[in-house]
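Q: Sharing run24.txt below, compact mmCIF, C-alpha atoms:
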# COMPACT_ATOMS: atom_id res chain seq x y z
CA MET P 1 33.43 38.46 -83.29
CA LEU P 2 35.51 35.29 -83.54
CA SER P 3 33.97 33.48 -80.55
CA LEU P 4 30.50 33.89 -82.09
CA THR P 5 31.79 32.41 -85.34
CA PHE P 6 33.31 29.46 -83.47
CA GLY P 7 29.93 28.75 -81.88
CA LEU P 8 28.12 28.94 -85.21
CA VAL P 9 30.57 26.41 -86.69
CA ALA P 10 29.84 24.13 -83.74
CA ALA P 11 26.08 24.58 -84.23
CA VAL P 12 26.34 23.59 -87.90
CA CYS P 13 28.44 20.52 -87.05
CA TRP P 14 26.12 19.34 -84.29
CA GLY P 15 23.08 20.08 -86.45
CA LEU P 16 24.46 17.90 -89.25
CA HIS P 17 25.37 15.22 -86.70
CA ASP P 18 21.80 15.04 -85.37
CA PHE P 19 20.33 15.09 -88.87
CA ILE P 20 22.45 12.06 -89.80
CA ILE P 21 21.16 10.28 -86.69
CA ARG P 22 17.60 10.79 -87.91
CA ILE P 23 18.25 9.28 -91.36
CA LEU P 24 20.86 6.66 -90.38
CA LYS P 25 19.96 3.05 -91.00
CA GLN P 26 20.82 1.09 -87.86
CA PRO P 27 20.76 -2.66 -88.63
CA LYS P 28 22.69 -3.50 -85.46
CA GLY P 29 20.74 -1.11 -83.22
CA ILE P 30 21.42 2.24 -81.61
CA TYR P 31 23.96 0.97 -79.08
CA ALA P 32 26.25 -0.34 -81.80
CA SER P 33 25.90 2.93 -83.71
CA ILE P 34 26.73 5.08 -80.69
CA ALA P 35 29.64 2.81 -79.81
CA ALA P 36 31.07 3.29 -83.29
CA VAL P 37 30.75 7.08 -83.09
CA LEU P 38 32.36 7.20 -79.64
CA PHE P 39 35.17 4.88 -80.77
CA PHE P 40 35.99 7.01 -83.80
CA GLY P 41 35.70 10.08 -81.58
CA CYS P 42 38.39 8.66 -79.29
CA LEU P 43 40.64 8.06 -82.30
CA LEU P 44 40.14 11.58 -83.62
CA GLN P 45 40.64 13.30 -80.26
CA SER P 46 43.70 11.27 -79.26
CA PRO P 47 46.25 13.32 -81.25
CA VAL P 48 44.63 16.58 -80.06
CA ALA P 49 44.89 15.48 -76.43
CA LEU P 50 48.41 14.07 -76.74
CA LEU P 51 49.78 17.18 -78.47
CA ASN P 52 48.15 19.81 -76.24
CA ALA P 53 47.46 18.22 -72.87
CA ASP P 54 49.39 18.56 -69.65
CA PHE P 55 48.83 15.25 -67.89
CA SER P 56 51.00 16.11 -64.90
CA HIS P 57 48.34 18.09 -63.04
CA ILE P 58 45.26 15.85 -63.28
CA SER P 59 43.71 15.49 -59.84
CA ILE P 60 41.66 12.49 -58.75
CA LEU P 61 38.64 14.74 -58.31
CA ALA P 62 38.95 16.19 -61.82
CA LEU P 63 39.32 12.71 -63.30
CA SER P 64 36.32 11.39 -61.36
CA VAL P 65 34.12 14.32 -62.41
CA SER P 66 35.23 13.89 -66.03
CA VAL P 67 34.29 10.21 -65.90
CA ALA P 68 30.88 11.12 -64.53
CA SER P 69 30.51 13.68 -67.33
CA GLY P 70 31.29 11.02 -69.91
CA SER P 71 28.77 8.63 -68.37
CA PHE P 72 26.01 11.25 -68.60
CA PHE P 73 27.07 11.93 -72.20
CA ALA P 74 26.50 8.25 -73.02
CA LEU P 75 23.05 8.39 -71.40
CA ALA P 76 22.23 11.55 -73.36
CA GLY P 77 23.38 9.94 -76.61
CA ILE P 78 21.24 6.84 -76.10
CA SER P 79 18.21 8.99 -75.29
CA LEU P 80 18.86 11.21 -78.33
CA TYR P 81 18.89 8.24 -80.71
CA LYS P 82 15.71 6.82 -79.17
CA ALA P 83 13.97 10.19 -79.37
CA PHE P 84 14.75 10.55 -83.08
CA ILE P 85 13.56 7.00 -83.75
CA ASN P 86 10.16 7.74 -82.20
CA GLY P 87 9.51 11.32 -83.23
CA PRO P 88 10.13 13.91 -85.96
CA ILE P 89 13.01 16.36 -85.77
CA LYS P 90 10.68 19.35 -85.34
CA LEU P 91 9.47 17.76 -82.09
CA VAL P 92 12.72 16.36 -80.72
CA ALA P 93 15.22 19.10 -81.59
CA PRO P 94 13.65 21.97 -79.59
CA ILE P 95 13.34 19.77 -76.49
CA VAL P 96 16.89 18.43 -76.65
CA GLY P 97 18.15 21.91 -77.43
CA GLY P 98 16.45 23.09 -74.26
CA TYR P 99 19.25 21.71 -72.09
CA PRO P 100 20.04 25.26 -70.82
CA VAL P 101 16.81 25.01 -68.82
CA PHE P 102 18.34 22.19 -66.77
CA SER P 103 21.61 24.12 -66.63
CA LEU P 104 19.70 27.01 -65.07
CA ILE P 105 18.13 24.65 -62.53
CA PHE P 106 21.55 23.25 -61.62
CA SER P 107 22.86 26.78 -61.22
CA SER P 108 19.93 27.64 -58.94
CA LEU P 109 20.67 24.64 -56.73
CA ASN P 110 24.20 26.01 -56.31
CA GLY P 111 22.79 29.29 -55.04
CA ASN P 112 22.89 31.22 -58.31
CA LEU P 113 19.23 32.21 -58.55
CA PRO P 114 17.92 33.17 -62.01
CA ASN P 115 16.87 36.73 -62.79
CA GLY P 116 13.52 37.77 -64.24
CA ILE P 117 14.74 37.67 -67.83
CA GLN P 118 16.00 34.11 -67.45
CA VAL P 119 12.71 32.99 -65.86
CA GLY P 120 10.84 34.58 -68.76
CA ALA P 121 13.08 32.76 -71.24
CA VAL P 122 12.31 29.43 -69.53
CA ILE P 123 8.57 30.13 -69.75
CA ILE P 124 8.90 30.91 -73.48
CA ILE P 125 10.86 27.71 -74.09
CA VAL P 126 8.43 25.47 -72.18
CA ILE P 127 5.28 26.94 -73.75
CA CYS P 128 6.58 26.99 -77.33
CA ALA P 129 8.18 23.53 -77.15
CA GLY P 130 4.93 22.25 -75.66
CA TYR P 131 2.98 23.75 -78.57
CA VAL P 132 5.17 21.94 -81.10
CA ALA P 133 4.85 18.71 -79.10
CA ALA P 134 1.06 19.00 -78.89
CA SER P 135 0.60 19.63 -82.62
CA LYS P 136 -2.20 17.56 -84.17
CA GLU P 137 -0.70 17.53 -87.65
CA GLU P 138 0.49 13.95 -87.22
CA ASN P 139 -2.00 11.10 -87.27
CA GLU P 140 -3.56 10.09 -83.97
CA GLY P 141 -1.86 6.72 -84.35
CA ASP P 142 1.44 8.49 -83.82
CA LEU P 143 0.42 9.84 -80.40
CA ALA P 144 2.08 7.04 -78.40
CA ASN P 145 5.32 7.45 -80.34
CA LYS P 146 5.21 11.21 -79.80
CA LYS P 147 4.90 10.76 -76.04
CA THR P 148 7.81 8.31 -76.08
CA ALA P 149 9.88 10.73 -78.17
CA ILE P 150 9.17 13.57 -75.73
CA LEU P 151 10.22 11.42 -72.78
CA TRP P 152 13.52 10.41 -74.40
CA ALA P 153 14.15 13.97 -75.61
CA VAL P 154 13.72 15.37 -72.09
CA LEU P 155 16.05 12.68 -70.72
CA SER P 156 18.59 13.51 -73.42
CA SER P 157 18.37 17.20 -72.58
CA PHE P 158 18.95 16.41 -68.89
CA GLY P 159 21.88 14.16 -69.77
CA PHE P 160 23.59 16.77 -71.93
CA ALA P 161 23.09 19.49 -69.31
CA SER P 162 24.56 17.22 -66.63
CA SER P 163 27.47 16.20 -68.86
CA PHE P 164 28.31 19.79 -69.80
CA ALA P 165 28.03 21.05 -66.21
CA LEU P 166 30.30 18.29 -64.89
CA GLY P 167 32.70 18.67 -67.79
CA GLN P 168 33.04 22.43 -67.26
CA TYR P 169 33.60 21.87 -63.54
CA ALA P 170 36.29 19.30 -64.28
CA SER P 171 38.02 21.61 -66.77
CA ASN P 172 38.25 24.25 -64.04
CA LEU P 173 40.05 21.74 -61.85
CA SER P 174 42.58 20.53 -64.40
CA ASP P 175 43.87 20.89 -67.96
CA GLN P 176 40.87 20.69 -70.32
CA TYR P 177 42.75 18.85 -73.06
CA ALA P 178 43.99 16.21 -70.63
CA LEU P 179 40.38 15.35 -69.79
CA LEU P 180 39.21 14.84 -73.38
CA LEU P 181 40.14 11.16 -73.58
CA PRO P 182 38.99 10.18 -70.05
CA ASN P 183 35.65 11.79 -70.86
CA ARG P 184 35.18 9.96 -74.18
CA ILE P 185 36.55 6.64 -72.97
CA SER P 186 34.28 6.68 -69.92
CA ALA P 187 31.31 7.41 -72.20
CA LEU P 188 32.22 4.42 -74.35
CA ILE P 189 32.65 2.16 -71.32
CA ALA P 190 29.33 3.32 -69.83
CA LEU P 191 27.60 2.62 -73.13
CA ILE P 192 29.08 -0.88 -73.33
CA LEU P 193 28.01 -1.67 -69.76
CA ILE P 194 24.45 -0.46 -70.41
CA ALA P 195 24.25 -2.45 -73.64
CA LYS P 196 25.55 -5.60 -71.96
CA TYR P 197 23.09 -5.20 -69.10
CA LEU P 198 20.21 -4.86 -71.57
CA ASN P 199 21.63 -7.64 -73.76
CA LYS P 200 21.85 -5.35 -76.79
CA PRO P 201 24.32 -5.82 -79.65
CA ILE P 202 27.33 -3.52 -79.34
CA VAL P 203 29.41 -4.45 -82.41
CA PRO P 204 28.52 -2.08 -85.26
CA ASP P 205 28.08 -2.82 -88.94
CA LEU P 206 31.52 -1.87 -90.25
CA SER P 207 30.14 -1.31 -93.73
CA GLU P 208 28.82 2.00 -92.35
CA TRP P 209 32.16 3.05 -90.83
CA ARG P 210 32.46 6.11 -93.07
CA ILE P 211 29.17 7.50 -91.76
CA PHE P 212 30.20 6.82 -88.16
CA ALA P 213 33.59 8.44 -88.76
CA LEU P 214 31.90 11.50 -90.27
CA MET P 215 29.56 11.81 -87.27
CA ALA P 216 32.51 11.46 -84.90
CA LEU P 217 34.43 14.11 -86.85
CA LEU P 218 31.49 16.54 -86.72
CA ASP P 219 31.13 16.00 -82.98
CA ALA P 220 34.88 16.37 -82.36
CA VAL P 221 35.12 19.55 -84.47
CA ALA P 222 32.12 21.11 -82.70
CA GLN P 223 33.50 20.29 -79.28
CA GLY P 224 36.94 21.53 -80.29
CA PHE P 225 35.63 24.91 -81.47
CA VAL P 226 33.63 25.46 -78.28
CA ILE P 227 36.58 24.47 -76.08
CA SER P 228 39.10 26.57 -78.00
CA SER P 229 36.83 29.61 -77.75
CA GLY P 230 37.73 29.71 -74.05
CA LYS P 231 40.96 31.47 -75.04
CA LEU P 232 39.11 34.15 -77.04
CA GLU P 233 37.42 37.36 -75.96
CA PHE P 234 33.83 36.82 -74.76
CA PRO P 235 33.82 33.01 -75.06
CA VAL P 236 30.22 32.97 -73.81
CA TYR P 237 29.12 33.93 -77.33
CA ALA P 238 30.38 30.57 -78.59
CA SER P 239 28.08 28.75 -76.17
CA ILE P 240 25.18 30.99 -77.16
CA SER P 241 25.48 30.40 -80.90
CA ALA P 242 26.32 26.69 -80.46
CA SER P 243 22.96 26.14 -78.71
CA LEU P 244 21.26 26.83 -82.06
CA PHE P 245 22.28 23.41 -83.41
CA GLY P 246 18.68 22.20 -83.12
CA LEU P 247 17.49 24.87 -85.51
CA VAL P 248 20.07 23.69 -88.05
CA THR P 249 18.73 20.14 -87.73
CA ILE P 250 15.13 21.32 -88.21
CA LEU P 251 16.07 23.31 -91.31
CA LEU P 252 17.82 20.29 -92.81
CA ALA P 253 14.82 18.06 -92.08
CA ALA P 254 12.41 20.55 -93.63
CA PHE P 255 14.55 20.87 -96.77
CA PHE P 256 15.69 17.27 -97.33
CA LEU P 257 13.07 15.13 -95.57
CA ARG P 258 10.14 17.41 -96.39
CA GLU P 259 8.94 17.40 -92.79
CA LYS P 260 5.87 19.64 -92.88
CA ILE P 261 6.10 22.59 -90.54
CA SER P 262 3.23 25.06 -90.30
CA SER P 263 3.79 28.80 -90.00
CA LYS P 264 2.64 28.71 -86.36
CA GLN P 265 5.05 25.87 -85.62
CA TRP P 266 7.88 27.82 -87.28
CA ILE P 267 7.12 30.77 -85.01
CA ALA P 268 7.05 28.52 -81.94
CA ILE P 269 10.31 26.79 -82.92
CA LEU P 270 12.06 30.11 -83.56
CA LEU P 271 10.81 31.46 -80.21
CA VAL P 272 12.29 28.39 -78.50
CA PHE P 273 15.72 29.24 -79.86
CA VAL P 274 15.26 32.92 -79.04
CA GLY P 275 14.60 31.80 -75.48
CA LEU P 276 17.68 29.59 -75.55
CA THR P 277 19.79 32.49 -76.74
CA ILE P 278 18.50 34.71 -73.91
CA LEU P 279 19.05 31.91 -71.41
CA SER P 280 22.63 31.38 -72.59
CA TYR P 281 23.51 34.84 -71.30
Go ahead and express the file in the form of C-alpha cells.
A:
Amino acid sequence: MLSLTFGLVAAVCWGLHDFIIRILKQPKGIYASIAAVLFFGCLLQSPVALLNADFSHISILALSVSVASGSFFALAGISLYKAFINGPIKLVAPIVGGYPVFSLIFSSLNGNLPNGIQVGAVIIIVICAGYVAASKEENEGDLANKKTAILWAVLSSFGFASSFALGQYASNLSDQYALLLPNRISALIALILIAKYLNKPIVPDLSEWRIFALMALLDAVAQGFVISSGKLEFPVYASISASLFGLVTILLAAFFLREKISSKQWIAILLVFVGLTILSY
C-alpha cells in the first residue's frame, strides 16, 4: 500500500543521510556540520510550510512543544554524529534505530501499558543490539571508543524518541505544516547555544555546501513523506517501514566501506529490525 511505500522512501533517505555522516570529512567539527544541515533544511522546508501551512491557529502550547521537539532533535543530532565518529555503523545504527523502545517507555508513563508482544520485541532488541555491541571482532584497543559510541548512540536514540513524541503531540494541537519551521529553527538555535557554551566552532566549511544541502534534502524528503502519509490509509505503516533506515545504513557500510559483518552479527542485526517492526505496531 502507498503508506508503506512512503515509509520505505523515508527509510532510504534517512539511511543515506546517516551513511554520509559516517564518511563526511568535518574540518570545522560536528557542530558546524549539523548547523549547515539544519540551515539548509530550513531553506528547503520554508516554501513547503509557507504554501501549505495555516498559521492562524497556532496555540502557544503547540509552539512551545514544537520548540522543545526541535531542541531534542538538535541533541539527538549531536549525539548521532559523535556516535558515528567513535564507532562503526553496524554498532551505532541498531542502537539509534531502537528509539521505539524509548517511545514505548514514554507511552507506558502516560498509562498506555505495553502488551506481551511489545515486551518481547523490546527484549529481542536489547539482547541482539547488545550482542552486536559486545562483538570482539574489533581490536581491544577500540574498546573505549566502542563504549563511547554506545553511550552517544543511546543518547541519540532517546533524543529522537523525545523529539518525535513531542512533535507528534504538537501536530495534534495545531497545523503540522505550520510547525515545521519553528521546529527546525529551534533546533538550529539550540545547536548554536550548545556550541557557544562549549566554545566549539559553528561556522561550516562552505566548500562542502553541496554535501550539506544533499543531507538536508534527504532529511526534508524523509520527513515530508512520513508527515504526508498521515492523510493516507493506515499511515502507521509509514512509521513502521521508516524505522528500517538503520538497516539501509548498515547495508551501505557493508557494501561501500567493507565493514566486516559476521553471519551471526547479520542475524542479530536483522532481528533488531524485526523487533523494531513489531514494536512499531
Q: Work out how far CA of Gln168 (chain P) is from CA of Cys13 (chain P), in Å to one decimal.
A: 20.4 Å
Q: Which value, in Å to one decimal, gives the distance between CA of Lys260 (chain P) and CA of Val132 (chain P)?
A: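 We find that CA of Lys260 (chain P) and CA of Val132 (chain P) lie 12.0 Å from each other.
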Q: Could you work out how far CA of Ala35 (chain P) lies from CA of Asn199 (chain P), giving the answer in Å with one decimal?
A: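 Between these atoms lies a distance of 14.5 Å.
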Q: Here is a test: counting all atoms listed in the file, which residue of P:Ile60, P:Leu4, P:Leu191, P:Leu109 is nearest to Leu173 (chain P)?
A: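 Nearest candidate to Leu173 (chain P) out of P:Ile60, P:Leu4, P:Leu191, P:Leu109: P:Ile60.
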Q: So that I can see what lies close to region 266-268 of chain P, please list as a list in words the residues with an atom at most 10 Å from it, counting all atoms listed in the file and leaving out residues fewer than 2 positions away in the same chain.
A: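 Contacts, with the query itself left out: Lys90, Pro94, Ile124, Ile125, Ile127, Cys128, Ala129, Gly130, Tyr131, Val132, Ile250, Ile261, Ser262, Ser263, Lys264, Leu270, Leu271, Val272, Phe273 and Val274 of chain P.
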Q: Could you check which of P:Gly15, P:Pro114, P:Gly7, P:Gly29 is closest to Ala195 (chain P), using all atoms listed in the file?
A: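 Using all atoms listed in the file, the shortest distance to Ala195 (chain P) belongs to P:Gly29.
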Q: From the list P:Ala161, P:Ala153, P:Ile117, P:Ile189, which residue is nearest Leu80 (chain P) when using only C-alpha atoms?
A: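 The closest residue to Leu80 (chain P) is P:Ala153.
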Q: Any idea what's packed within 12 Å of Pro100 (chain P), counting all atoms listed in the file, ignoring anything in its chain fewer than 6 positions away? Could you give it as number ranges by chain?
A: P: 94, 106-107, 118-119, 121-122, 125-126, 154, 157-165, 239-240, 242-244, 272-273, 275-281
Q: Which is closest to Arg184 (chain P) among P:Gln223, P:Asn52, P:Ser3, P:Asn172, if we use all atoms listed in the file?
A: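 Residue with the minimum atom-to-atom distance to Arg184 (chain P): P:Gln223.
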Q: Which neighbours of Phe84 (chain P) fall inside 7 Å, counting all atoms listed in the file, when residues of the same chain fewer than 4 positions from it are skipped, and could you give them as a PyMOL selection string?
A: chain P and resi 22+80+88-89+92+149
Q: Could you check which of P:Ala93, P:Val101, P:Leu43, P:Ala32 is closest to Leu247 (chain P), using all atoms listed in the file?
A: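 Ranking P:Ala93, P:Val101, P:Leu43, P:Ala32 by distance to Leu247 (chain P), first place goes to P:Ala93.
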Q: Considering all atoms listed in the file, state which residue in the set P:Leu91, P:Ile211, P:Cys42, P:Ile23 is at the smallest distance from Ser186 (chain P).
A: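 Once distances to Ser186 (chain P) are computed over all atoms listed in the file, the minimum belongs to P:Cys42.
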